[in-house]
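S.K.: Below: one structure in structure tokens.
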Amino acid sequence: MSKFNSQITMLFIVLALVCAFVPVFSVEEAKANLLWKTCLVKITPKCALDIIAAVFENGTMHDPCCKDLVKEGKVCHDTLIKYIADKPMLIAHETEYLKKSDDLWKHCVSISKSA
């Protein structure tokens, strides 16, 4: 149960970071709203944490979350990862994160095809 609570806490921290760095510009705000309404609602909070951990840390991705990621779609996945990776505290490693994101996508597509 405490692992679940720590995962939920981590999700809220990530969401807070994403929201905290949304610039005042309406274009960025619209993009953030679009991400929330069309992409983040398609996956479970646990899978969102797994995706973020797999790309921005050294986390692992479980097969059911891979299937959710593929259902979410490549455009949503790429847009969300790019949006997070563009933040000032992460941009220095953006290339690394985008490569990990592509590798994760390929892995998840292969998992969902084999199932």
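Following the order of the structure tokens, first chain is A, next is B, and so on, with residues numbered from 1 inside each chain and ligands from 1 in the order they appear.
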Quick one: residues within 9 Å of Val109 of chain A, only C-alpha atoms, excluding same-chain residues fewer than 5 positions away - as a PyMOL selection string?
M.R.: chain A and resi 66-67+69-70+104+114
S.K.: Include C-alpha atoms and write out the residues we just selected as a PDB file, in the first residue's frame.
M.R.:
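This is the output file selection-v4.pdb:
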```
ATOM      1  CA  CYS A  66       2.892  -0.941 -22.791  1.00  0.00           C
ATOM      2  CA  LYS A  67      -0.511  -1.852 -24.179  1.00  0.00           C
ATOM      3  CA  LEU A  69       0.822   3.385 -24.108  1.00  0.00           C
ATOM      4  CA  VAL A  70       0.188   2.025 -27.604  1.00  0.00           C
ATOM      5  CA  LEU A 104      10.219   2.635 -25.153  1.00  0.00           C
ATOM      6  CA  SER A 114       2.958 -10.227 -29.774  1.00  0.00           C
TER       7      SER A 114
END
```
S.K.: Go through A:Thr38, A:Phe56, A:Cys47, A:Asp63 one by one, measure the shortest atom-to-atom distance of each to Met89 of chain A using only C-alpha atoms, and give the residue with the smallest value.
M.R.: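 Ranking A:Thr38, A:Phe56, A:Cys47, A:Asp63 by distance to Met89 of chain A, first place goes to A:Phe56.
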S.K.: Point out the residue among A:Val41, A:Cys108, A:Ala30, A:Ile52 with the least atom-to-atom distance to Lys74 of chain A, counting only C-alpha atoms.
M.R.: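 When distances to Lys74 of chain A are compared using only C-alpha atoms, the smallest one comes from A:Cys108.
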S.K.: Pick out the residues sitting within 10 Å of Asp68 of chain A, and hand them over as a list of chain:residue names; count only C-alpha atoms, and ignore anything fewer than 6 positions along from it in its own chain.
M.R.: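 In the requested form, the answer reads A:Lys42, A:Ile43, A:Thr44, A:Cys47, A:Ala48, A:Cys108, A:Ser112.
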S.K.: Might you pull out every residue within 12 Å of Asp102 of chain A, with only C-alpha atoms counted and same-chain residues fewer than 4 positions away left off, and present them as a compact mmCIF listing (two decimals) with all heavy atoms, in the first residue's frame?
M.R.:
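As a result, around37.txt now contains:
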```txt
# COMPACT_ATOMS: atom_id res chain seq x y z
N ILE A 51 5.74 5.18 -17.37
CA ILE A 51 6.26 5.81 -18.59
C ILE A 51 7.27 6.89 -18.22
O ILE A 51 8.38 6.93 -18.78
CB ILE A 51 5.11 6.41 -19.43
CG1 ILE A 51 4.22 5.29 -20.00
CG2 ILE A 51 5.66 7.29 -20.55
CD1 ILE A 51 2.89 5.76 -20.52
N ALA A 54 10.40 5.30 -16.90
CA ALA A 54 11.17 4.64 -17.94
C ALA A 54 11.93 5.63 -18.81
O ALA A 54 13.04 5.35 -19.25
CB ALA A 54 10.25 3.78 -18.82
N VAL A 55 11.37 6.80 -19.03
CA VAL A 55 12.01 7.80 -19.90
C VAL A 55 12.95 8.71 -19.12
O VAL A 55 14.08 8.96 -19.55
CB VAL A 55 10.95 8.63 -20.66
CG1 VAL A 55 11.60 9.77 -21.44
CG2 VAL A 55 10.13 7.74 -21.59
N LYS A 74 1.06 7.25 -30.57
CA LYS A 74 2.41 7.81 -30.72
C LYS A 74 2.40 9.33 -30.61
O LYS A 74 3.29 9.91 -29.98
CB LYS A 74 3.00 7.38 -32.07
CG LYS A 74 4.37 7.93 -32.35
CD LYS A 74 5.43 6.91 -32.15
CE LYS A 74 6.79 7.36 -32.66
NZ LYS A 74 7.66 7.79 -31.58
N VAL A 75 1.41 9.99 -31.19
CA VAL A 75 1.38 11.46 -31.14
C VAL A 75 1.26 11.94 -29.71
O VAL A 75 2.00 12.84 -29.29
CB VAL A 75 0.23 12.01 -32.02
CG1 VAL A 75 0.05 13.50 -31.82
CG2 VAL A 75 0.49 11.69 -33.49
N HIS A 77 2.05 10.28 -26.96
CA HIS A 77 3.29 9.91 -26.25
C HIS A 77 4.41 10.89 -26.57
O HIS A 77 5.03 11.46 -25.67
CB HIS A 77 3.68 8.48 -26.61
CG HIS A 77 4.99 8.05 -26.04
ND1 HIS A 77 5.19 7.89 -24.68
CD2 HIS A 77 6.17 7.76 -26.63
CE1 HIS A 77 6.45 7.52 -24.47
NE2 HIS A 77 7.06 7.43 -25.63
N ASP A 78 4.65 11.11 -27.86
CA ASP A 78 5.74 12.02 -28.26
C ASP A 78 5.51 13.44 -27.76
O ASP A 78 6.43 14.09 -27.28
CB ASP A 78 5.89 12.03 -29.79
CG ASP A 78 6.49 10.76 -30.33
OD1 ASP A 78 7.00 9.93 -29.54
OD2 ASP A 78 6.46 10.58 -31.57
N THR A 79 4.28 13.90 -27.87
CA THR A 79 3.97 15.27 -27.46
C THR A 79 4.17 15.44 -25.96
O THR A 79 4.76 16.43 -25.51
CB THR A 79 2.53 15.64 -27.85
OG1 THR A 79 2.37 15.45 -29.26
CG2 THR A 79 2.20 17.08 -27.50
N ILE A 81 6.05 13.60 -23.84
CA ILE A 81 7.46 13.48 -23.47
C ILE A 81 8.23 14.73 -23.88
O ILE A 81 9.02 15.28 -23.11
CB ILE A 81 8.09 12.21 -24.07
CG1 ILE A 81 7.42 10.95 -23.52
CG2 ILE A 81 9.60 12.19 -23.85
CD1 ILE A 81 7.49 10.79 -22.01
N LYS A 82 7.97 15.22 -25.08
CA LYS A 82 8.65 16.44 -25.56
C LYS A 82 8.27 17.63 -24.68
O LYS A 82 9.12 18.45 -24.33
CB LYS A 82 8.27 16.70 -27.02
CG LYS A 82 8.82 17.95 -27.61
CD LYS A 82 10.22 17.74 -28.13
CE LYS A 82 10.68 18.95 -28.92
NZ LYS A 82 11.93 19.46 -28.46
N THR A 95 17.83 15.24 -25.63
CA THR A 95 18.15 14.25 -26.67
C THR A 95 18.12 12.84 -26.10
O THR A 95 17.57 11.92 -26.71
CB THR A 95 19.52 14.56 -27.29
OG1 THR A 95 19.52 15.90 -27.77
CG2 THR A 95 19.83 13.61 -28.43
N GLU A 96 18.71 12.67 -24.93
CA GLU A 96 18.71 11.37 -24.26
C GLU A 96 17.28 10.91 -23.96
O GLU A 96 16.92 9.75 -24.18
CB GLU A 96 19.52 11.46 -22.97
CG GLU A 96 19.47 10.24 -22.10
CD GLU A 96 20.07 10.49 -20.71
OE1 GLU A 96 20.83 11.45 -20.53
OE2 GLU A 96 19.76 9.70 -19.81
N TYR A 97 16.47 11.84 -23.43
CA TYR A 97 15.09 11.49 -23.09
C TYR A 97 14.28 11.12 -24.33
O TYR A 97 13.48 10.18 -24.31
CB TYR A 97 14.40 12.63 -22.35
CG TYR A 97 15.04 12.99 -21.03
CD1 TYR A 97 15.17 14.32 -20.64
CD2 TYR A 97 15.52 12.00 -20.16
CE1 TYR A 97 15.75 14.65 -19.42
CE2 TYR A 97 16.09 12.33 -18.95
CZ TYR A 97 16.21 13.66 -18.59
OH TYR A 97 16.78 13.99 -17.39
N LEU A 98 14.47 11.85 -25.42
CA LEU A 98 13.72 11.57 -26.64
C LEU A 98 14.12 10.21 -27.22
O LEU A 98 13.28 9.47 -27.74
CB LEU A 98 13.90 12.69 -27.65
CG LEU A 98 13.32 14.05 -27.22
CD1 LEU A 98 13.58 15.11 -28.28
CD2 LEU A 98 11.84 13.96 -26.89
N LYS A 106 9.04 1.70 -29.31
CA LYS A 106 9.31 0.51 -30.14
C LYS A 106 9.12 -0.78 -29.33
O LYS A 106 8.54 -1.75 -29.81
CB LYS A 106 10.72 0.58 -30.72
CG LYS A 106 10.88 1.64 -31.78
CD LYS A 106 12.33 1.79 -32.20
CE LYS A 106 12.52 3.01 -33.08
NZ LYS A 106 13.92 3.33 -33.29
N HIS A 107 9.62 -0.76 -28.10
CA HIS A 107 9.47 -1.92 -27.22
C HIS A 107 7.99 -2.21 -26.98
O HIS A 107 7.55 -3.36 -27.08
CB HIS A 107 10.20 -1.67 -25.90
CG HIS A 107 9.90 -2.67 -24.84
ND1 HIS A 107 10.41 -3.96 -24.85
CD2 HIS A 107 9.11 -2.58 -23.73
CE1 HIS A 107 9.94 -4.61 -23.80
NE2 HIS A 107 9.16 -3.79 -23.11
N CYS A 108 7.23 -1.18 -26.68
CA CYS A 108 5.80 -1.37 -26.37
C CYS A 108 5.01 -1.82 -27.60
O CYS A 108 4.10 -2.64 -27.48
CB CYS A 108 5.23 -0.10 -25.77
SG CYS A 108 5.77 0.16 -24.07
N VAL A 109 5.35 -1.31 -28.76
CA VAL A 109 4.67 -1.76 -29.98
C VAL A 109 4.94 -3.24 -30.20
O VAL A 109 4.03 -4.00 -30.52
CB VAL A 109 5.10 -0.91 -31.20
CG1 VAL A 109 4.68 -1.56 -32.50
CG2 VAL A 109 4.52 0.49 -31.10
```
S.K.: Let me make sure I understand: among A:Lys100, A:His93, A:Lys71, A:Lys87, which one has the smallest atom-to-atom distance to Gly59 of chain A if we use only C-alpha atoms?
M.R.: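 The closest residue to Gly59 of chain A is A:Lys100.
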S.K.: Determine the nearest neighbour of Met61 of chain A from the options A:Ile111, A:Ile84, A:Leu40, A:Leu90, counting only C-alpha atoms.
M.R.: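 Looking only at the distances to Met61 of chain A, the closest residue turns out to be A:Ile111.
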